[in-house]
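Enquirer: The following block contains the structure, expressed as structure tokens.
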Amino acid sequence: MDLRFSDEDEAFRAEARAWLTEALEGDFAGVRGRGGPGDEHALFEERLAWEQHLGRSGWNCVGWPKEHGGRGLSLHQQVIWFEEYARAGGPGRLGHIGEGLAGPTILHFGTPEQQARFLPPIVAGTELWAQGYSEPNAGSDLANVQTRAERDGDDWRISGQKVWTSLAHWSDWVFVVARTDREATPKHRGLTYFLMPLRQEGVEIRPIRQVTGTSEFNEVFFDGALARGEHVVGAVNDGWKVAMGTLAFERGASTLGQQMHFRNELAHLVAEARRNGRIDDPLIRQRLAAAHAGLEIMRWNTLRVLSADSVAPPPAAMVTKLYWATWHRDLGELAMDVLGPEALLGEQEPGYELTALQRLFLFTRSDTIYAGSNQIQRNIIGERALGLPK
């Protein structure tokens with residue numbers, strides 16, 4: 001594993017840093033640092049304009065091939081871009097599901113016609129995407145999907161319910177895993193992967209009010225909603241393979257940007273500890289040091305995984321979600337201990353809203369549940385990495 005950056009990489013870092021500095025000090029200064037976890041509701045129109053500014057300026061989908069609108073950046077340069085973006089306080093991305101999940105899936109499994117239709121609007125930031133995987137009885141157990149698809153000529157009619165659908169209330173499209181063969185065994189067979197417009201008859205979106213008071217997540221109900229036959233990705237009844245490919249793309253270079261966001265949160269927390277004197281408490285100081293060490297371990301393990309010379313993710317990749325989710329939840333708890341009694345007081349202006357650290361604490365309770373709960377992650381590690389019996 002050689003993680004040294006070349007002179008060319010460092011020149012790219014300087015270019016990216018200069019562009020971000022100028023962009024976020026100009027017309028988009030107001031979105032800096034906004035829209036992260038627990039703050040997704042903030043400044044939607046302004047952040048949508050930012051997505052489109054990224055597209056016009058050539059800074060969207062930077063790892064995609066050039067022929068599909070990306071920059072074709074190397075892994076090292078993708079890491080640099082995502083880290084510099086977070087370091088500069090780039091706002092939470094409205095297009096991250098399109099760039100990081102839908103787009104790579106269509107690139108890898110889609111037809112040329114699907115690529116021509118769906119990839120350019122993702123790059124341009126003009127179409128937003130949501131993920132239609134989880135259901136009330138099929139969360140971490142994705143193979144248990146009950147949403148069904150029935151033939152309607154060359155097309156399909158989708159009926160069922162999806163839940164925890166991030167940003168669906170703002171999205172234009174959703175990729176949906178639905179059951180097209182209810183007799184197939186084992187249960188992961190008979191699933192098909194559809195691309196569907198959300199703004200159509202037969203689709204109802206109900207925001208889920210969270211403990212933070214905001215509604216990033218949604219329930220989505222399909223009642224005979226239309227999915228075009230030409231928008232099936234992969235083969236009918238072979239959607240499991242495509243769905244697993246999508247999940248693999250979720251562990252890409254953007255995770256380094258997520259970790260830089262974590263680093264910004266930790267720096268904010270250290271600053272608060274200095275401000276209120278809690279930095280002098282040896283236990284608090286020890287926990288802050290442990291958080292820093294944990295973040296460094298997280299980064300090096302992610303770089304090790306991304307640098308692996310293999311098609312299948314190495315066993316080290318299986319600990320990634322469990323590790324960062326637990327670390328981030330613990331950081332939220334540490335934030336409340338650093339604040340002490342202040343943790344009970346919201347921002348008095350405007351409207352007595354949650355502070356950034358309060359949002360951190362409340363939102364991170366969900367980290368250990370979404371994208372595979374901690375319990376399921378431990379099963380995966382035990383069975384697939386360690387070879388233990390079920």
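Numbering starts fresh at 1 for the residues of each chain in the structure tokens, the chains themselves are lettered A, B, ... in the order given, and ligands are numbered from 1 as they appear.
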Determine, counting only C-alpha atoms, which protein, DNA and RNA residues have an atom within 10 Å of an atom of Glu296 (chain A); residues of the same chain fewer than 5 positions away are not included. Present the result as a PDB file with N, CA and C atoms, in the first residue's frame.

Expert:
ATOM      1  N   GLN A 259     -15.085  11.346   6.626  1.00  0.00           N
ATOM      2  CA  GLN A 259     -14.188  11.370   7.774  1.00  0.00           C
ATOM      3  C   GLN A 259     -13.604  12.760   8.012  1.00  0.00           C
ATOM      4  N   ARG A 263     -13.737  15.049  11.272  1.00  0.00           N
ATOM      5  CA  ARG A 263     -12.593  15.781  11.836  1.00  0.00           C
ATOM      6  C   ARG A 263     -12.997  17.224  12.166  1.00  0.00           C
ATOM      7  N   ALA A 290      -8.719   9.924  22.600  1.00  0.00           N
ATOM      8  CA  ALA A 290      -9.150   8.639  22.064  1.00  0.00           C
ATOM      9  C   ALA A 290      -9.972   8.815  20.792  1.00  0.00           C
ATOM     10  N   ALA A 291     -10.799   9.867  20.751  1.00  0.00           N
ATOM     11  CA  ALA A 291     -11.579  10.146  19.540  1.00  0.00           C
ATOM     12  C   ALA A 291     -10.659  10.474  18.374  1.00  0.00           C
ATOM     13  N   ASN A 301      -7.504   2.618   7.806  1.00  0.00           N
ATOM     14  CA  ASN A 301      -8.167   1.387   7.382  1.00  0.00           C
ATOM     15  C   ASN A 301      -8.922   1.602   6.070  1.00  0.00           C
ATOM     16  N   THR A 302      -9.556   2.772   5.933  1.00  0.00           N
ATOM     17  CA  THR A 302     -10.270   3.055   4.690  1.00  0.00           C
ATOM     18  C   THR A 302      -9.294   3.143   3.519  1.00  0.00           C
TER      19      THR A 302
END

Enquirer: Applying 7 Å and only C-alpha atoms, which residues near region 47-61 of chain A remain after dropping the ones on its own chain fewer than 3 positions away? List them as a PDB file with all heavy atoms, in the first residue's frame.

Expert:
ATOM      1  N   VAL A  31     -23.762  28.836   2.322  1.00  0.00           N
ATOM      2  CA  VAL A  31     -24.010  27.396   2.459  1.00  0.00           C
ATOM      3  C   VAL A  31     -22.832  26.675   3.097  1.00  0.00           C
ATOM      4  O   VAL A  31     -22.905  25.469   3.339  1.00  0.00           O
ATOM      5  CB  VAL A  31     -24.336  26.743   1.096  1.00  0.00           C
ATOM      6  CG1 VAL A  31     -25.573  27.355   0.487  1.00  0.00           C
ATOM      7  CG2 VAL A  31     -23.149  26.822   0.140  1.00  0.00           C
ATOM      8  N   LEU A  43     -31.390  25.233   3.807  1.00  0.00           N
ATOM      9  CA  LEU A  43     -30.986  25.945   2.601  1.00  0.00           C
ATOM     10  C   LEU A  43     -31.059  25.072   1.348  1.00  0.00           C
ATOM     11  O   LEU A  43     -30.106  25.003   0.559  1.00  0.00           O
ATOM     12  CB  LEU A  43     -29.551  26.478   2.777  1.00  0.00           C
ATOM     13  CG  LEU A  43     -29.313  27.378   3.999  1.00  0.00           C
ATOM     14  CD1 LEU A  43     -27.837  27.708   4.139  1.00  0.00           C
ATOM     15  CD2 LEU A  43     -30.135  28.648   3.911  1.00  0.00           C
ATOM     16  N   PHE A  44     -32.206  24.434   1.129  1.00  0.00           N
ATOM     17  CA  PHE A  44     -32.313  23.510   0.003  1.00  0.00           C
ATOM     18  C   PHE A  44     -32.057  24.210  -1.329  1.00  0.00           C
ATOM     19  O   PHE A  44     -31.250  23.743  -2.152  1.00  0.00           O
ATOM     20  CB  PHE A  44     -33.695  22.845  -0.017  1.00  0.00           C
ATOM     21  CG  PHE A  44     -33.956  22.083  -1.290  1.00  0.00           C
ATOM     22  CD1 PHE A  44     -33.361  20.858  -1.502  1.00  0.00           C
ATOM     23  CD2 PHE A  44     -34.768  22.618  -2.282  1.00  0.00           C
ATOM     24  CE1 PHE A  44     -33.578  20.156  -2.689  1.00  0.00           C
ATOM     25  CE2 PHE A  44     -34.994  21.916  -3.467  1.00  0.00           C
ATOM     26  CZ  PHE A  44     -34.393  20.686  -3.665  1.00  0.00           C
ATOM     27  N   TRP A  64     -15.785   9.815 -12.156  1.00  0.00           N
ATOM     28  CA  TRP A  64     -16.398   9.164 -13.317  1.00  0.00           C
ATOM     29  C   TRP A  64     -15.498   9.304 -14.545  1.00  0.00           C
ATOM     30  O   TRP A  64     -14.696  10.243 -14.647  1.00  0.00           O
ATOM     31  CB  TRP A  64     -17.745   9.805 -13.629  1.00  0.00           C
ATOM     32  CG  TRP A  64     -18.834   9.535 -12.644  1.00  0.00           C
ATOM     33  CD1 TRP A  64     -18.711   9.054 -11.374  1.00  0.00           C
ATOM     34  CD2 TRP A  64     -20.227   9.760 -12.852  1.00  0.00           C
ATOM     35  NE1 TRP A  64     -19.939   8.964 -10.776  1.00  0.00           N
ATOM     36  CE2 TRP A  64     -20.886   9.389 -11.659  1.00  0.00           C
ATOM     37  CE3 TRP A  64     -20.977  10.236 -13.920  1.00  0.00           C
ATOM     38  CZ2 TRP A  64     -22.262   9.492 -11.512  1.00  0.00           C
ATOM     39  CZ3 TRP A  64     -22.342  10.338 -13.785  1.00  0.00           C
ATOM     40  CH2 TRP A  64     -22.986   9.965 -12.600  1.00  0.00           C
ATOM     41  N   GLY A  70     -17.300  13.047 -16.153  1.00  0.00           N
ATOM     42  CA  GLY A  70     -16.431  13.182 -14.991  1.00  0.00           C
ATOM     43  C   GLY A  70     -15.051  13.678 -15.365  1.00  0.00           C
ATOM     44  O   GLY A  70     -14.796  14.107 -16.501  1.00  0.00           O
ATOM     45  N   LEU A  94     -26.601  17.431  -1.973  1.00  0.00           N
ATOM     46  CA  LEU A  94     -27.931  16.953  -2.337  1.00  0.00           C
ATOM     47  C   LEU A  94     -27.856  15.859  -3.387  1.00  0.00           C
ATOM     48  O   LEU A  94     -28.762  15.027  -3.484  1.00  0.00           O
ATOM     49  CB  LEU A  94     -28.777  18.112  -2.879  1.00  0.00           C
ATOM     50  CG  LEU A  94     -29.220  19.159  -1.856  1.00  0.00           C
ATOM     51  CD1 LEU A  94     -29.838  20.353  -2.571  1.00  0.00           C
ATOM     52  CD2 LEU A  94     -30.204  18.562  -0.864  1.00  0.00           C
ATOM     53  N   GLY A  95     -26.791  15.841  -4.166  1.00  0.00           N
ATOM     54  CA  GLY A  95     -26.680  14.877  -5.251  1.00  0.00           C
ATOM     55  C   GLY A  95     -25.846  13.666  -4.937  1.00  0.00           C
ATOM     56  O   GLY A  95     -25.463  12.924  -5.852  1.00  0.00           O
ATOM     57  N   GLU A  99     -24.583  10.717  -7.486  1.00  0.00           N
ATOM     58  CA  GLU A  99     -23.164  10.618  -7.823  1.00  0.00           C
ATOM     59  C   GLU A  99     -22.532   9.341  -7.301  1.00  0.00           C
ATOM     60  O   GLU A  99     -21.743   8.701  -8.003  1.00  0.00           O
ATOM     61  CB  GLU A  99     -22.403  11.820  -7.254  1.00  0.00           C
ATOM     62  CG  GLU A  99     -20.910  11.754  -7.525  1.00  0.00           C
ATOM     63  CD  GLU A  99     -20.146  12.964  -7.018  1.00  0.00           C
ATOM     64  OE1 GLU A  99     -20.781  13.966  -6.649  1.00  0.00           O
ATOM     65  OE2 GLU A  99     -18.905  12.903  -7.003  1.00  0.00           O
ATOM     66  N   VAL A 123     -24.568  14.643 -13.424  1.00  0.00           N
ATOM     67  CA  VAL A 123     -23.375  15.495 -13.488  1.00  0.00           C
ATOM     68  C   VAL A 123     -23.760  16.973 -13.399  1.00  0.00           C
ATOM     69  O   VAL A 123     -23.108  17.763 -12.709  1.00  0.00           O
ATOM     70  CB  VAL A 123     -22.582  15.224 -14.779  1.00  0.00           C
ATOM     71  CG1 VAL A 123     -21.409  16.203 -14.910  1.00  0.00           C
ATOM     72  CG2 VAL A 123     -22.059  13.792 -14.797  1.00  0.00           C
ATOM     73  N   ALA A 124     -24.843  17.344 -14.087  1.00  0.00           N
ATOM     74  CA  ALA A 124     -25.267  18.745 -14.117  1.00  0.00           C
ATOM     75  C   ALA A 124     -25.934  19.187 -12.824  1.00  0.00           C
ATOM     76  O   ALA A 124     -26.100  20.392 -12.595  1.00  0.00           O
ATOM     77  CB  ALA A 124     -26.226  18.973 -15.290  1.00  0.00           C
ATOM     78  N   GLY A 125     -26.323  18.238 -11.967  1.00  0.00           N
ATOM     79  CA  GLY A 125     -27.010  18.590 -10.727  1.00  0.00           C
ATOM     80  C   GLY A 125     -28.454  18.997 -10.941  1.00  0.00           C
ATOM     81  O   GLY A 125     -29.044  19.677 -10.101  1.00  0.00           O
ATOM     82  N   THR A 126     -29.046  18.567 -12.053  1.00  0.00           N
ATOM     83  CA  THR A 126     -30.421  18.973 -12.363  1.00  0.00           C
ATOM     84  C   THR A 126     -31.444  17.899 -12.020  1.00  0.00           C
ATOM     85  O   THR A 126     -32.648  18.169 -12.055  1.00  0.00           O
ATOM     86  CB  THR A 126     -30.558  19.335 -13.851  1.00  0.00           C
ATOM     87  OG1 THR A 126     -30.098  18.244 -14.656  1.00  0.00           O
ATOM     88  CG2 THR A 126     -29.732  20.573 -14.166  1.00  0.00           C
TER      89      THR A 126
END

Enquirer: Nearest residue to Ala149 (chain A) out of A:Glu25, A:Asp181, A:Glu204, A:Glu272, using only C-alpha atoms?

Expert: A:Asp181

Enquirer: To one decimal in Å, tell me the separation between CA of Ile122 (chain A) and CA of Phe222 (chain A).

Expert: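 Separating CA of Ile122 (chain A) from CA of Phe222 (chain A) is a distance of 23.8 Å.
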
Enquirer: For Glu8 (chain A), which residue among A:Ala168, A:Leu73, A:Val220, A:Ala42 is the nearest when counting only C-alpha atoms?

Expert: A:Leu73

Enquirer: Determine the nearest neighbour of Ala116 (chain A) from the options A:Lys162, A:Arg13, A:His231, A:Arg34, counting only C-alpha atoms.

Expert: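 Between A:Lys162, A:Arg13, A:His231, A:Arg34, the residue approaching Ala116 (chain A) most closely is A:His231.
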
Enquirer: Which one is closest to Gly277 (chain A): A:Lys321, A:Ala293, A:Leu339, A:Glu113? Count only C-alpha atoms.

Expert: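 Of A:Lys321, A:Ala293, A:Leu339, A:Glu113, the one nearest Gly277 (chain A) is A:Leu339, counting only C-alpha atoms.
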
Enquirer: Env of Gly234 (chain A): 9 Å cut, atoms = only C-alpha atoms, seq-sep filter 4 positions within chain, self excluded. Answer as number ranges by chain.

Expert: A: 109-111, 192-193, 238-239, 241-242

Enquirer: Taking N, CA, C and O atoms for each residue, export the selection above as a CSV table (one decimal), in the first residue's frame.

Expert:
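Written file, result27.csv:
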chain,number,residue,atom,x,y,z
A,109,PHE,N,-23.7,-1.3,-14.8
A,109,PHE,CA,-24.7,-2.3,-15.2
A,109,PHE,C,-25.7,-1.9,-16.3
A,109,PHE,O,-26.4,-2.7,-16.8
A,110,GLY,N,-25.7,-0.5,-16.5
A,110,GLY,CA,-26.7,0.0,-17.4
A,110,GLY,C,-26.4,-0.1,-18.9
A,110,GLY,O,-25.3,-0.4,-19.3
A,111,THR,N,-27.5,0.1,-19.7
A,111,THR,CA,-27.3,0.0,-21.1
A,111,THR,C,-26.8,1.4,-21.6
A,111,THR,O,-26.8,2.4,-20.9
A,192,THR,N,-35.9,-7.5,-9.0
A,192,THR,CA,-35.5,-6.7,-10.2
A,192,THR,C,-35.2,-5.3,-9.8
A,192,THR,O,-35.8,-4.8,-8.8
A,193,TYR,N,-34.3,-4.6,-10.5
A,193,TYR,CA,-33.8,-3.3,-10.1
A,193,TYR,C,-34.4,-2.3,-11.1
A,193,TYR,O,-34.1,-2.4,-12.3
A,238,ASP,N,-32.8,-10.6,-11.8
A,238,ASP,CA,-31.4,-10.6,-11.4
A,238,ASP,C,-31.0,-9.3,-10.8
A,238,ASP,O,-29.8,-8.9,-10.8
A,239,GLY,N,-32.0,-8.7,-10.1
A,239,GLY,CA,-31.7,-7.4,-9.4
A,239,GLY,C,-30.8,-7.5,-8.2
A,239,GLY,O,-30.2,-6.5,-7.8
A,241,LYS,N,-27.9,-9.0,-7.9
A,241,LYS,CA,-26.5,-8.7,-8.3
A,241,LYS,C,-26.3,-7.2,-8.4
A,241,LYS,O,-25.3,-6.6,-8.0
A,242,VAL,N,-27.3,-6.5,-9.1
A,242,VAL,CA,-27.2,-5.1,-9.3
A,242,VAL,C,-27.2,-4.3,-7.9
A,242,VAL,O,-26.5,-3.4,-7.7

Enquirer: Give me, please, the distance in Å between CA of Pro197 (chain A) and CA of Thr255 (chain A), quoted to one decimal.

Expert: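 CA of Thr255 (chain A) lies at a distance of 27.7 Å from CA of Pro197 (chain A).
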